[in-house]
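Pasted below: coords_5.cif, mmCIF, C-alpha atoms and all ligand atoms.
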```
data_final
#
loop_
_atom_site.label_atom_id
_atom_site.label_comp_id
_atom_site.auth_asym_id
_atom_site.auth_seq_id
_atom_site.Cartn_x
_atom_site.Cartn_y
_atom_site.Cartn_z
CA MET F 30 -23.29 11.06 2.63
CA ILE F 31 -21.09 8.99 0.37
CA ASP F 32 -21.66 5.27 0.72
CA PHE F 33 -19.48 2.31 -0.04
CA VAL F 34 -20.59 -0.84 -1.86
CA SER F 35 -19.11 -4.23 -2.60
CA THR F 36 -17.51 -4.81 -6.00
CA ARG F 37 -19.61 -8.00 -6.17
CA THR F 38 -22.99 -6.33 -5.47
CA PRO F 39 -22.47 -2.77 -6.66
CA SER F 40 -26.17 -1.94 -6.73
CA GLY F 41 -26.77 -3.46 -3.30
CA PRO F 42 -27.08 -1.57 -0.03
CA GLY F 43 -24.27 0.82 0.79
CA ARG F 44 -22.42 1.27 4.06
CA ALA F 45 -21.00 4.26 5.82
CA LEU F 46 -17.24 4.63 5.61
CA SER F 47 -16.66 3.70 9.27
CA GLU F 48 -18.61 0.50 8.84
CA ALA F 49 -16.72 -0.45 5.68
CA LEU F 50 -13.42 0.33 7.44
CA ALA F 51 -14.33 -1.87 10.39
CA GLN F 52 -15.37 -4.76 8.14
CA GLY F 53 -12.41 -4.80 5.77
CA LEU F 54 -13.76 -7.31 3.28
CA ALA F 55 -17.46 -6.99 2.30
CA PRO F 56 -19.71 -9.84 3.58
CA ASP F 57 -20.10 -11.23 0.04
CA GLY F 58 -16.31 -11.51 -0.35
CA GLY F 59 -16.05 -8.39 -2.52
CA LEU F 60 -14.00 -5.25 -1.93
CA TYR F 61 -15.51 -1.99 -0.79
CA VAL F 62 -15.52 0.87 -3.28
CA PRO F 63 -17.29 4.22 -3.23
CA ARG F 64 -20.64 3.86 -5.01
CA ALA F 65 -19.65 6.90 -7.00
CA PHE F 66 -16.59 9.10 -6.71
CA PRO F 67 -17.25 12.26 -4.71
CA HIS F 68 -16.19 15.57 -6.21
CA LEU F 69 -12.70 16.80 -5.54
CA ASP F 70 -12.72 19.85 -3.25
CA PRO F 71 -11.19 22.74 -5.27
CA ALA F 72 -9.67 24.06 -2.03
CA ILE F 73 -7.00 21.37 -2.44
CA PHE F 74 -5.36 23.57 -5.08
CA GLU F 75 -4.76 26.28 -2.45
CA GLU F 76 -3.02 23.95 0.02
CA SER F 77 0.74 23.56 0.10
CA THR F 78 1.51 20.73 2.56
CA LEU F 79 0.99 16.97 2.52
CA VAL F 80 -1.27 17.11 5.57
CA GLY F 81 -3.32 20.05 4.25
CA ARG F 82 -3.75 18.42 0.86
CA ALA F 83 -4.56 15.07 2.45
CA VAL F 84 -7.38 16.54 4.53
CA ARG F 85 -8.90 18.27 1.48
CA LEU F 86 -8.57 15.16 -0.66
CA LEU F 87 -10.06 12.77 1.88
CA ALA F 88 -12.79 14.99 3.34
CA PRO F 89 -15.33 14.22 0.58
CA PHE F 90 -14.89 10.49 1.29
CA PHE F 91 -15.60 11.11 4.99
CA ALA F 92 -18.61 13.38 4.35
CA GLY F 93 -21.51 12.39 6.61
CA ASP F 94 -19.52 9.68 8.37
CA ARG F 95 -19.13 9.74 12.13
CA LEU F 96 -15.36 10.19 11.71
CA GLU F 97 -15.80 13.29 9.54
CA GLY F 98 -14.94 15.79 12.28
CA GLU F 99 -11.87 13.81 13.30
CA LEU F 100 -10.27 13.68 9.86
CA PRO F 101 -7.75 16.50 10.44
CA ALA F 102 -6.60 14.86 13.67
CA ILE F 103 -6.42 11.44 12.00
CA VAL F 104 -4.27 12.75 9.16
CA ALA F 105 -1.98 14.74 11.48
CA ALA F 106 -1.44 11.72 13.72
CA ALA F 107 -0.97 9.30 10.83
CA PHE F 108 1.54 11.24 8.70
CA PRO F 109 4.01 13.07 10.96
CA PHE F 110 6.70 12.14 8.41
CA GLY F 111 6.58 13.51 4.88
CA ALA F 112 6.74 12.11 1.35
CA PRO F 113 9.61 14.13 -0.11
CA LEU F 114 10.57 14.33 -3.75
CA ARG F 115 14.25 13.66 -4.15
CA GLU F 116 16.44 14.17 -7.21
CA ALA F 117 19.48 12.01 -7.93
CA SER F 118 21.69 13.16 -10.81
CA GLY F 119 24.70 11.84 -12.63
CA GLY F 120 25.78 10.20 -15.85
CA GLY F 121 23.83 12.81 -17.81
CA ARG F 122 20.59 11.75 -16.21
CA THR F 123 18.37 13.03 -13.41
CA TYR F 124 16.09 10.61 -11.63
CA ARG F 125 13.22 11.93 -9.54
CA PHE F 126 12.01 9.75 -6.67
CA LEU F 127 8.96 10.09 -4.47
CA GLU F 128 10.38 8.76 -1.21
CA LEU F 129 7.61 6.96 0.65
CA PHE F 130 9.86 5.28 3.19
CA HIS F 131 10.23 7.87 5.94
CA GLY F 132 7.70 6.22 8.27
CA PRO F 133 8.70 4.05 11.23
CA THR F 134 8.99 0.75 9.32
CA ALA F 135 10.70 2.27 6.26
CA ALA F 136 8.15 1.35 3.58
CA PHE F 137 5.17 3.17 2.05
CA LYS F 138 2.78 0.87 3.89
CA ASP F 139 3.23 3.02 7.00
CA PHE F 140 0.93 5.62 5.39
CA GLY F 141 -2.00 3.25 5.00
CA ALA F 142 -1.46 1.21 8.16
CA ARG F 143 -1.15 4.23 10.44
CA PHE F 144 -4.17 5.94 8.90
CA LEU F 145 -6.24 2.78 9.32
CA ALA F 146 -5.13 2.43 12.95
CA GLU F 147 -6.11 6.03 13.69
CA CYS F 148 -9.55 5.43 12.15
CA LEU F 149 -10.23 2.09 13.80
CA SER F 150 -9.12 3.17 17.26
CA ARG F 151 -11.62 6.05 17.11
CA ASN F 152 -14.39 3.54 16.33
CA LEU F 153 -13.53 0.65 18.61
CA GLU F 154 -16.47 -1.25 20.12
CA GLU F 155 -14.89 -4.45 21.40
CA GLU F 156 -11.48 -6.07 21.47
CA THR F 157 -10.44 -6.56 17.86
CA THR F 158 -7.78 -8.72 16.26
CA ILE F 159 -6.17 -7.27 13.16
CA LEU F 160 -5.41 -10.26 10.96
CA VAL F 161 -2.91 -9.61 8.23
CA ALA F 162 -1.09 -11.57 5.55
CA THR F 163 2.15 -9.94 4.47
CA SER F 164 4.57 -10.36 1.60
CA GLY F 165 7.11 -8.57 3.78
CA ASP F 166 6.33 -4.93 4.51
CA THR F 167 2.62 -4.80 5.35
CA GLY F 168 2.98 -6.88 8.49
CA ALA F 169 5.57 -4.61 10.03
CA ALA F 170 3.68 -1.45 9.12
CA VAL F 171 0.45 -2.83 10.59
CA ALA F 172 2.18 -4.19 13.69
CA GLY F 173 3.92 -0.86 14.17
CA ALA F 174 0.66 1.05 13.73
CA PHE F 175 -1.32 -1.05 16.26
CA HIS F 176 1.48 -2.03 18.65
CA GLY F 177 0.55 -1.07 22.19
CA ARG F 178 -2.87 0.32 21.21
CA PRO F 179 -5.46 -0.66 23.84
CA GLY F 180 -8.26 -2.91 22.53
CA PHE F 181 -6.24 -4.34 19.64
CA ARG F 182 -4.33 -7.50 18.98
CA VAL F 183 -2.42 -8.14 15.77
CA VAL F 184 -1.86 -11.51 14.08
CA ILE F 185 0.67 -11.52 11.23
CA LEU F 186 1.21 -14.30 8.69
CA TYR F 187 4.23 -14.20 6.44
CA PRO F 188 5.64 -16.75 3.95
CA ASP F 189 8.59 -18.39 5.68
CA GLY F 190 11.86 -17.91 3.80
CA ARG F 191 10.36 -15.51 1.27
CA VAL F 192 10.93 -12.22 3.04
CA SER F 193 14.32 -10.56 3.53
CA PRO F 194 16.21 -11.41 6.75
CA ARG F 195 15.69 -7.88 8.04
CA GLN F 196 12.00 -7.97 7.16
CA ALA F 197 11.65 -11.27 9.05
CA HIS F 198 13.43 -9.84 12.06
CA GLN F 199 11.27 -6.75 12.00
CA LEU F 200 8.06 -8.82 11.75
CA GLY F 201 8.96 -10.84 14.83
CA ALA F 202 10.39 -8.00 16.89
CA PHE F 203 7.23 -6.29 18.18
CA GLY F 204 5.96 -8.66 20.88
CA GLY F 205 3.29 -7.35 23.26
CA ASN F 206 -0.08 -7.42 21.49
CA VAL F 207 1.49 -8.66 18.22
CA GLU F 208 1.67 -12.41 17.35
CA THR F 209 3.76 -13.39 14.33
CA TYR F 210 3.49 -16.64 12.35
CA ARG F 211 5.83 -17.87 9.62
CA VAL F 212 3.75 -19.93 7.20
CA SER F 213 5.22 -22.81 5.21
CA GLY F 214 3.78 -21.51 1.95
CA THR F 215 3.58 -18.50 -0.34
CA PHE F 216 2.07 -15.06 0.19
CA ASP F 217 -0.95 -16.18 -1.82
CA ASP F 218 -1.39 -19.06 0.66
CA CYS F 219 -1.25 -16.55 3.51
CA GLN F 220 -3.85 -14.36 1.79
CA ALA F 221 -6.13 -17.35 1.20
CA MET F 222 -5.87 -18.35 4.87
CA VAL F 223 -6.80 -14.85 5.97
CA LYS F 224 -9.74 -14.75 3.57
CA ALA F 225 -10.98 -18.10 4.92
CA ALA F 226 -10.73 -16.86 8.51
CA PHE F 227 -12.83 -13.80 7.63
CA GLN F 228 -15.47 -16.00 6.07
CA ALA F 229 -15.52 -18.46 9.01
CA PRO F 230 -18.26 -18.07 11.61
CA ARG F 231 -17.36 -16.04 14.69
CA ALA F 232 -17.65 -19.19 16.84
CA ARG F 233 -14.83 -20.78 14.85
CA THR F 234 -12.37 -17.90 15.28
CA GLY F 235 -13.45 -16.98 18.79
CA ARG F 236 -12.55 -13.33 18.20
CA LYS F 237 -13.67 -10.25 16.36
CA LEU F 238 -11.43 -9.93 13.33
CA ALA F 239 -10.60 -6.90 11.26
CA SER F 240 -8.52 -6.67 8.12
CA ALA F 241 -5.54 -4.45 7.48
CA ASN F 242 -4.52 -5.91 4.13
CA SER F 243 -4.32 -3.70 1.10
CA ILE F 244 -7.95 -4.65 0.42
CA SER F 245 -8.86 -2.38 3.34
CA LEU F 246 -10.33 0.96 2.33
CA GLY F 247 -8.58 2.50 5.31
CA ARG F 248 -5.25 1.78 3.65
CA LEU F 249 -6.29 2.51 0.12
CA LEU F 250 -7.76 5.99 0.60
CA PRO F 251 -4.76 7.61 2.35
CA GLN F 252 -2.43 6.33 -0.36
CA MET F 253 -4.05 8.77 -2.78
CA THR F 254 -2.68 11.67 -0.80
CA TYR F 255 1.02 11.51 -1.66
CA TYR F 256 0.23 11.39 -5.37
CA ALA F 257 -1.87 14.52 -5.02
CA ASP F 258 0.86 16.15 -2.95
CA ALA F 259 3.70 15.24 -5.32
CA ALA F 260 1.79 16.20 -8.46
CA LEU F 261 0.69 19.55 -7.01
CA SER F 262 4.23 20.29 -5.77
CA CYS F 263 5.70 19.49 -9.19
CA ALA F 264 3.09 21.66 -10.90
CA ALA F 265 3.80 24.54 -8.51
CA ARG F 266 7.52 24.38 -9.35
CA SER F 267 7.00 24.05 -13.06
CA ASN F 268 6.81 27.10 -15.29
CA GLU F 269 4.82 25.35 -17.97
CA GLY F 270 1.12 26.04 -17.50
CA ALA F 271 -0.63 22.70 -17.23
CA HIS F 272 2.16 20.51 -15.99
CA GLU F 273 1.20 16.90 -15.29
CA THR F 274 3.42 14.44 -13.47
CA SER F 275 3.63 10.84 -14.59
CA PHE F 276 4.47 8.11 -12.10
CA VAL F 277 6.02 4.67 -12.37
CA ILE F 278 4.79 2.60 -9.44
CA PRO F 279 6.29 -0.65 -8.13
CA THR F 280 3.23 -2.89 -8.00
CA GLY F 281 2.28 -6.17 -6.36
CA ASN F 282 -1.22 -6.30 -4.93
CA LEU F 283 -2.15 -3.10 -6.81
CA GLY F 284 -3.06 -1.14 -3.68
CA ASN F 285 -0.61 1.71 -4.12
CA ALA F 286 -1.11 2.03 -7.88
CA PHE F 287 -4.88 1.78 -7.63
CA ALA F 288 -4.82 4.67 -5.17
CA ALA F 289 -2.91 6.69 -7.77
CA TRP F 290 -5.50 5.75 -10.37
CA MET F 291 -8.30 6.86 -8.07
CA ALA F 292 -6.61 10.18 -7.26
CA ARG F 293 -6.29 10.83 -10.98
CA ALA F 294 -9.93 9.90 -11.62
CA LEU F 295 -11.33 12.51 -9.20
CA SER F 296 -12.56 15.85 -10.46
CA THR F 297 -14.15 18.97 -9.04
CA ASP F 298 -17.73 19.89 -9.95
CA THR F 299 -16.28 22.05 -12.71
CA GLY F 300 -14.17 19.20 -14.08
CA ARG F 301 -10.79 20.21 -12.70
CA ARG F 302 -8.44 17.32 -11.91
CA LEU F 303 -5.19 16.75 -10.07
CA PRO F 304 -2.19 17.12 -12.41
CA ILE F 305 -1.45 13.38 -12.53
CA GLY F 306 -0.33 12.10 -15.94
CA THR F 307 0.37 8.57 -17.09
CA LEU F 308 0.62 5.74 -14.59
CA THR F 309 2.92 2.82 -15.27
CA LEU F 310 2.67 -0.29 -13.14
CA ALA F 311 6.09 -1.89 -12.69
CA THR F 312 5.82 -5.52 -11.66
CA ASN F 313 8.55 -8.04 -11.02
CA ALA F 314 8.44 -11.42 -12.79
CA ASN F 315 4.90 -11.91 -11.44
CA ARG F 316 3.34 -10.48 -14.58
CA MET F 317 -0.35 -11.09 -14.25
CA LEU F 318 -1.12 -7.35 -14.34
CA VAL F 319 1.02 -6.89 -17.43
CA ASP F 320 -0.91 -9.63 -19.20
CA TYR F 321 -4.18 -8.16 -17.98
CA VAL F 322 -3.37 -4.70 -19.32
CA ALA F 323 -2.34 -6.22 -22.66
CA SER F 324 -5.25 -8.61 -23.10
CA GLY F 325 -8.02 -7.80 -20.63
CA GLU F 326 -7.82 -11.42 -19.50
CA VAL F 327 -7.46 -12.25 -15.83
CA ALA F 328 -5.28 -15.31 -15.40
CA PRO F 329 -4.04 -15.76 -11.82
CA ALA F 330 -0.67 -17.49 -11.81
CA ALA F 331 1.42 -19.23 -9.17
CA THR F 332 3.62 -16.77 -7.29
CA ILE F 333 7.25 -16.53 -8.41
CA ALA F 334 9.84 -15.60 -5.76
CA THR F 335 11.89 -12.56 -6.85
CA LEU F 336 14.35 -10.00 -5.49
CA ALA F 337 11.46 -7.56 -5.09
CA ASN F 338 9.70 -9.86 -2.65
CA ALA F 339 7.05 -7.46 -1.36
CA MET F 340 5.64 -7.65 -4.90
CA ASP F 341 5.63 -11.46 -5.14
CA VAL F 342 1.92 -11.68 -5.79
CA GLY F 343 0.42 -14.08 -8.32
CA ALA F 344 -3.16 -12.82 -8.08
CA PRO F 345 -3.34 -9.12 -7.06
CA SER F 346 -6.48 -8.63 -4.99
CA ASN F 347 -7.07 -4.97 -5.85
CA LEU F 348 -7.48 -5.86 -9.52
CA GLU F 349 -11.11 -6.45 -8.60
CA ARG F 350 -11.38 -2.75 -7.79
CA LEU F 351 -9.71 -1.60 -10.98
CA ARG F 352 -11.96 -3.81 -13.09
CA HIS F 353 -15.01 -2.50 -11.26
CA PHE F 354 -14.26 1.07 -12.37
CA ALA F 355 -12.11 0.79 -15.46
CA SER F 356 -13.43 -1.81 -17.81
CA ASP F 357 -11.41 -0.21 -20.61
CA ARG F 358 -8.00 -0.22 -18.79
CA ALA F 359 -7.46 3.28 -20.16
CA GLY F 360 -4.45 5.32 -19.15
CA ILE F 361 -2.51 2.49 -17.55
CA ALA F 362 0.63 0.81 -18.80
CA ALA F 363 2.32 -2.16 -17.17
CA VAL F 364 5.83 -3.56 -17.53
CA SER F 365 7.36 -6.69 -15.99
CA VAL F 366 10.98 -6.59 -14.80
CA ASP F 367 13.09 -9.68 -14.13
CA ASP F 368 15.64 -10.19 -11.36
CA ALA F 369 18.63 -9.59 -13.64
CA ALA F 370 17.25 -6.18 -14.61
CA ILE F 371 16.50 -5.35 -10.96
CA ALA F 372 20.10 -6.02 -9.90
CA GLN F 373 21.52 -4.22 -12.91
CA THR F 374 19.31 -1.18 -12.30
CA ILE F 375 20.31 -0.89 -8.64
CA ALA F 376 23.95 -0.95 -9.82
CA THR F 377 23.45 1.56 -12.64
CA VAL F 378 21.57 4.15 -10.58
CA PHE F 379 24.13 3.86 -7.78
CA ARG F 380 27.10 4.11 -10.14
CA GLU F 381 25.65 7.15 -11.91
CA THR F 382 24.28 9.05 -8.93
CA GLY F 383 25.46 7.49 -5.64
CA TYR F 384 21.81 6.96 -4.65
CA ALA F 385 20.91 3.45 -3.46
CA ILE F 386 17.43 2.12 -4.26
CA CYS F 387 15.55 -0.94 -3.00
CA PRO F 388 14.71 -3.79 -5.42
CA HIS F 389 11.07 -2.66 -5.72
CA THR F 390 12.04 0.88 -6.64
CA ALA F 391 14.48 -0.64 -9.13
CA CYS F 392 11.54 -2.27 -10.92
CA ALA F 393 10.07 1.19 -11.45
CA VAL F 394 13.31 2.60 -12.86
CA ALA F 395 13.84 -0.43 -15.10
CA ALA F 396 10.26 -0.22 -16.40
CA ALA F 397 10.66 3.29 -17.82
CA PRO F 398 12.48 4.46 -20.94
CA ALA F 399 15.72 6.44 -20.37
CA ASP F 400 14.03 9.71 -21.39
CA PHE F 401 11.18 9.35 -18.86
CA ASN F 402 10.79 12.69 -17.08
CA GLY F 403 8.23 11.78 -14.43
CA VAL F 404 8.59 10.42 -10.94
CA PHE F 405 9.66 6.98 -9.73
CA VAL F 406 7.84 5.89 -6.62
CA ALA F 407 10.39 4.70 -4.04
CA THR F 408 8.39 2.26 -1.94
CA ALA F 409 10.96 1.08 0.63
CA HIS F 410 14.28 2.15 2.12
CA PRO F 411 17.16 0.18 0.60
CA ALA F 412 18.47 -0.77 4.08
CA LYS F 413 15.47 -3.09 4.48
CA PHE F 414 16.92 -5.21 1.67
CA ASP F 415 20.57 -5.06 2.65
CA THR F 416 21.30 -8.65 1.56
CA ILE F 417 20.53 -7.54 -2.01
CA VAL F 418 21.59 -3.89 -1.96
CA THR F 419 24.83 -4.04 0.09
CA PRO F 420 26.70 -6.40 -2.27
CA ILE F 421 25.94 -3.98 -5.10
CA CYS F 422 26.20 -0.56 -3.43
CA GLY F 423 28.14 -1.23 -0.23
CA PRO F 424 26.67 -0.67 3.24
CA VAL F 425 23.57 1.53 3.40
CA ALA F 426 22.84 3.57 6.55
CA VAL F 427 19.90 2.11 8.50
CA PRO F 428 17.10 4.55 9.38
CA ALA F 429 16.49 5.00 13.12
CA GLY F 430 13.09 3.25 13.37
CA LEU F 431 14.38 0.19 11.56
CA ALA F 432 17.59 0.12 13.62
CA GLU F 433 15.57 0.14 16.81
CA LEU F 434 13.50 -2.88 15.74
CA LEU F 435 16.55 -4.77 14.52
CA ALA F 436 18.16 -4.34 17.93
CA ARG F 437 15.30 -6.23 19.64
CA ASP F 438 14.84 -10.02 19.90
CA ALA F 439 12.49 -11.54 17.33
CA HIS F 440 10.14 -14.51 17.47
CA ALA F 441 7.78 -16.07 14.90
CA ALA F 442 5.89 -19.34 15.42
CA PRO F 443 5.70 -21.86 12.54
CA LEU F 444 2.27 -22.44 10.97
CA ALA F 445 1.09 -24.89 8.28
CA ALA F 446 -0.36 -23.32 5.13
CA SER F 447 -3.99 -24.23 5.82
CA ALA F 448 -7.08 -22.35 6.91
CA ASP F 449 -7.66 -24.86 9.73
CA ALA F 450 -4.20 -24.29 11.14
CA LEU F 451 -4.87 -20.56 11.30
CA LEU F 452 -8.32 -21.00 12.84
CA ASP F 453 -6.83 -23.25 15.52
CA ALA F 454 -4.09 -20.71 16.22
CA LEU F 455 -6.68 -17.92 16.55
CA ARG F 456 -8.72 -19.94 19.03
CA GLY F 457 -5.66 -21.14 20.91
C1 LIG Z 1 3.84 -3.74 -0.72
C2 LIG Z 1 4.99 -3.20 -1.50
C3 LIG Z 1 4.89 -2.98 -2.88
C4 LIG Z 1 3.66 -3.33 -3.65
O1 LIG Z 1 2.56 -2.49 -3.31
P1 LIG Z 1 1.08 -2.93 -3.71
O2 LIG Z 1 0.21 -1.92 -3.10
O3 LIG Z 1 0.88 -4.30 -3.12
O4 LIG Z 1 1.03 -2.98 -5.19
C5 LIG Z 1 5.97 -2.42 -3.52
N1 LIG Z 1 7.10 -2.11 -2.87
C6 LIG Z 1 7.24 -2.33 -1.55
C7 LIG Z 1 8.53 -1.99 -0.90
C8 LIG Z 1 6.20 -2.88 -0.81
O5 LIG Z 1 6.34 -3.08 0.49
#
```

Give the structure from this file in structure tokens form.
Ligand SMILES: *Cc1c(COP(=O)(O)O)cnc(C)c1O
Amino acid sequence: MIDFVSTRTPSGPGRALSEALAQGLAPDGGLYVPRAFPHLDPAIFEESTLVGRAVRLLAPFFAGDRLEGELPAIVAAAFPFGAPLREASGGGRTYRFLELFHGPTAAFKDFGARFLAECLSRNLEEETTILVATSGDTGAAVAGAFHGRPGFRVVILYPDGRVSPRQAHQLGAFGGNVETYRVSGTFDDCQAMVKAAFQAPRARTGRKLASANSISLGRLLPQMTYYADAALSCAARSNEGAHETSFVIPTGNLGNAFAAWMARALSTDTGRRLPIGTLTLATNANRMLVDYVASGEVAPAATIATLANAMDVGAPSNLERLRHFASDRAGIAAVSVDDAAIAQTIATVFRETGYAICPHTACAVAAAPADFNGVFVATAHPAKFDTIVTPICGPVAVPAGLAELLARDAHAAPLAASADALLDALRG
């Protein structure tokens, strides 16, 4: 069995995957990581679909866990939509995008949130409240994944005025077992409130809490799968022998990019790896990761509000995982992109190719040199950020799932940016 340990006590006792999934954050405040990486199953190289590859990739992480036998069903239920590679050409240039926005809430977070929901609902012991801080897209993905699931309630905190109007509407539109709060503070305030609630005694919250933030292993692990899928698909199409695909990844809390790093770090017992090449983290003006990659110093900064708001993170929580494994920062580059470059890049790509991209995806494009021949990770559908994208590209068609949510009424209650305010709301 593979066991999972806290980044803060890596030689301490390990936990089974299901237990780590249910807990979210480790009791000592650290993040769960595998004690050692399991071997990659060489059968993954014979698979040709996202679901098939995902099952092979994740099975070693589930080995010996009580959910092991359910993994194929979990993956099939979680990812009924694909992660297609899409080319956009024009102006003498071809851009390749890995479109991760075909899930119900139109951002890549549907992959992790839906996988986590499938795992947790197969392990449910008592009524559980999923408590989640969101910089915009997580909350909707988590609410969508748990909405209407018996035994679950969802509490969402988002920074008031710092998400796009459509994101705000979407966050408040679920109702039912989903409660939404707009916090008078930043995303980092929301994250700190959630952390405090997890560390508070059960008597103070009055409910069993579980996490669905990007610190949750249940979100992190499935995010490896689309990198494996895209890299293997590109290699299969390529006529060069050992073709590796490089990715530029829009990055905020480092969940998505860390999953890519982990997928690349895996190897079979004979040393064979997935054909994943260089990884470039594209941040917005919140450049802590860029400074970390350059200097090795960790200097959390106040959050800056940007056009790519789902990446407005001053202190990315998954950095603790990267530092646990990769003290040398090898094989990672990081580039910060300002708002002017984001807007200009959306305009340039649209003018050249007619393809509209969201502001986060624009960070990835802007972070790479013009001769980059890898894949840009497209983390959200541009229609989610219409107030930014429409003035540049004109109206963008709204995907069906998003349109359905936008047609509903929305409600979010105001909440002060303090741990006590949240604890009172949870008890109330
Ligand atoms: C959450 C999000 C990101 C950042 O992902 P991390 O895992 O936090 O680094 C980028 N783009 C979009 C659209 C997002 O919703």

Near-region 82-96 of chain F list (7 Å; all atoms listed in the file; drop same-chain fewer than 2 positions) as a ChimeraX atom specification: /F:30-31,45-47,67-70,72-73,76-80,98-101,104,254,258

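Counting all atoms listed in the file and comparing F:Gly284, F:Gly190, F:Gly204, F:Pro42, the residue that lies closest to Thr167 (chain F) is F:Gly284.
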
Residue among F:Thr408, F:Pro39, F:Asn268, F:Val192 lying closest to Thr335 (chain F), counting all atoms listed in the file: F:Val192

Surrounding residues of Gln252 (chain F) excluding itself and chain neighbours under 3 positions, 12 Å, only C-alpha atoms, as a PyMOL selection string: chain F and resi 79+83+86-87+104+107-108+112+129+137-145+243+245-249+255-259+283-292+408

Expected answer as a tab-separated table (two decimals) with C-alpha atoms, keeping the file's coordinate frame: residues within 6 Å of ligand LIG 1 (chain Z), all atoms listed in the file:
```tsv
chain	number	residue	atom	x	y	z
F	136	ALA	CA	8.15	1.35	3.58
F	166	ASP	CA	6.33	-4.93	4.51
F	279	PRO	CA	6.29	-0.65	-8.13
F	280	THR	CA	3.23	-2.89	-8.00
F	281	GLY	CA	2.28	-6.17	-6.36
F	282	ASN	CA	-1.22	-6.30	-4.93
F	283	LEU	CA	-2.15	-3.10	-6.81
F	284	GLY	CA	-3.06	-1.14	-3.68
F	285	ASN	CA	-0.61	1.71	-4.12
F	339	ALA	CA	7.05	-7.46	-1.36
F	340	MET	CA	5.64	-7.65	-4.90
F	389	HIS	CA	11.07	-2.66	-5.72
F	408	THR	CA	8.39	2.26	-1.94
F	409	ALA	CA	10.96	1.08	0.63
```

Within 10 Å of Leu186 (chain F) using only C-alpha atoms, minus same-chain residues under 5 positions, as a list in words: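 Final neighbour list, sorted by chain and number: Leu160, Val161, Ala162, Thr163, Ser164, Gly165, Gly168, Leu200, Glu208, Thr209, Tyr210, Arg211, Val212, Phe216, Asp218, Cys219, Gln220, Met222, Val223, Ala441, Ala442, Pro443, Leu444, Ala446 and Leu451 of chain F.
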
Residues of the last selection are to be written out with C-alpha atoms, as an mmCIF file, in the frame of the given file.
```
data_model
loop_
_atom_site.group_PDB
_atom_site.id
_atom_site.type_symbol
_atom_site.label_atom_id
_atom_site.label_comp_id
_atom_site.auth_asym_id
_atom_site.auth_seq_id
_atom_site.Cartn_x
_atom_site.Cartn_y
_atom_site.Cartn_z
ATOM 1 C CA LEU F 160 -5.410 -10.260 10.960
ATOM 2 C CA VAL F 161 -2.910 -9.610 8.230
ATOM 3 C CA ALA F 162 -1.090 -11.570 5.550
ATOM 4 C CA THR F 163 2.150 -9.940 4.470
ATOM 5 C CA SER F 164 4.570 -10.360 1.600
ATOM 6 C CA GLY F 165 7.110 -8.570 3.780
ATOM 7 C CA GLY F 168 2.980 -6.880 8.490
ATOM 8 C CA LEU F 200 8.060 -8.820 11.750
ATOM 9 C CA GLU F 208 1.670 -12.410 17.350
ATOM 10 C CA THR F 209 3.760 -13.390 14.330
ATOM 11 C CA TYR F 210 3.490 -16.640 12.350
ATOM 12 C CA ARG F 211 5.830 -17.870 9.620
ATOM 13 C CA VAL F 212 3.750 -19.930 7.200
ATOM 14 C CA PHE F 216 2.070 -15.060 0.190
ATOM 15 C CA ASP F 218 -1.390 -19.060 0.660
ATOM 16 C CA CYS F 219 -1.250 -16.550 3.510
ATOM 17 C CA GLN F 220 -3.850 -14.360 1.790
ATOM 18 C CA MET F 222 -5.870 -18.350 4.870
ATOM 19 C CA VAL F 223 -6.800 -14.850 5.970
ATOM 20 C CA ALA F 441 7.780 -16.070 14.900
ATOM 21 C CA ALA F 442 5.890 -19.340 15.420
ATOM 22 C CA PRO F 443 5.700 -21.860 12.540
ATOM 23 C CA LEU F 444 2.270 -22.440 10.970
ATOM 24 C CA ALA F 446 -0.360 -23.320 5.130
ATOM 25 C CA LEU F 451 -4.870 -20.560 11.300
#
```

Distance query Asp341 (chain F) at most 9 Å, only C-alpha atoms, self and fewer than 2 positions along chain excluded, as a PyMOL selection string: chain F and resi 164+191+215-217+281-282+312-315+332-339+343

Separation of CA of Thr390 (chain F) from CA of Ala264 (chain F), in Å and rounded to one decimal: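 Spanning CA of Thr390 (chain F) to CA of Ala264 (chain F) is a straight-line distance of 23.0 Å.
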
Interatomic distance (Å, one decimal) between CA of Pro109 (chain F) and CA of Ala197 (chain F): 25.6 Å

Interatomic distance, CA of Gly41 (chain F) to CA of Ile244 (chain F) (Å, one decimal):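 Pair CA of Gly41 (chain F) / CA of Ile244 (chain F) returns 19.2 Å.
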
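If you measure from each of F:Gly180, F:Pro329, F:Pro113, F:Gly457 to Glu156 (chain F) using all atoms listed in the file, the closest one turns out to be F:Gly180.
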
Residue among F:Thr234, F:Ala106, F:Phe66, F:Asn152 lying closest to Glu48 (chain F), counting only C-alpha atoms: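 Of F:Thr234, F:Ala106, F:Phe66, F:Asn152, the one nearest Glu48 (chain F), counting only C-alpha atoms, is F:Asn152.
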
Among listed residues F:Leu149, F:Ala265, F:Val364, F:Met317, nearest Val342 (chain F) (using all atoms listed in the file): F:Met317

Which region 164-216 of chain F residues have any atom within 8 Å of an atom of region 417-439 of chain F, and for each, what is the nearest pair of atoms with distance in Å to one decimal, counting all atoms listed in the file, rows sorted by chain and number, as a tab-separated table?
```
residue	atom	partner	partner_atom	distance
F:Arg195	CA	F:Leu435	CA	7.2
F:His198	CA	F:Ala439	CA	5.6
F:Gln199	CA	F:Leu434	CA	5.8
F:Leu200	CA	F:Ala439	CA	7.6
F:Gly201	CA	F:Ala439	CA	4.4
F:Ala202	CA	F:Ala439	CA	4.1
F:Phe203	CA	F:Ala439	CA	7.5
F:Gly204	CA	F:Ala439	CA	8.0
```
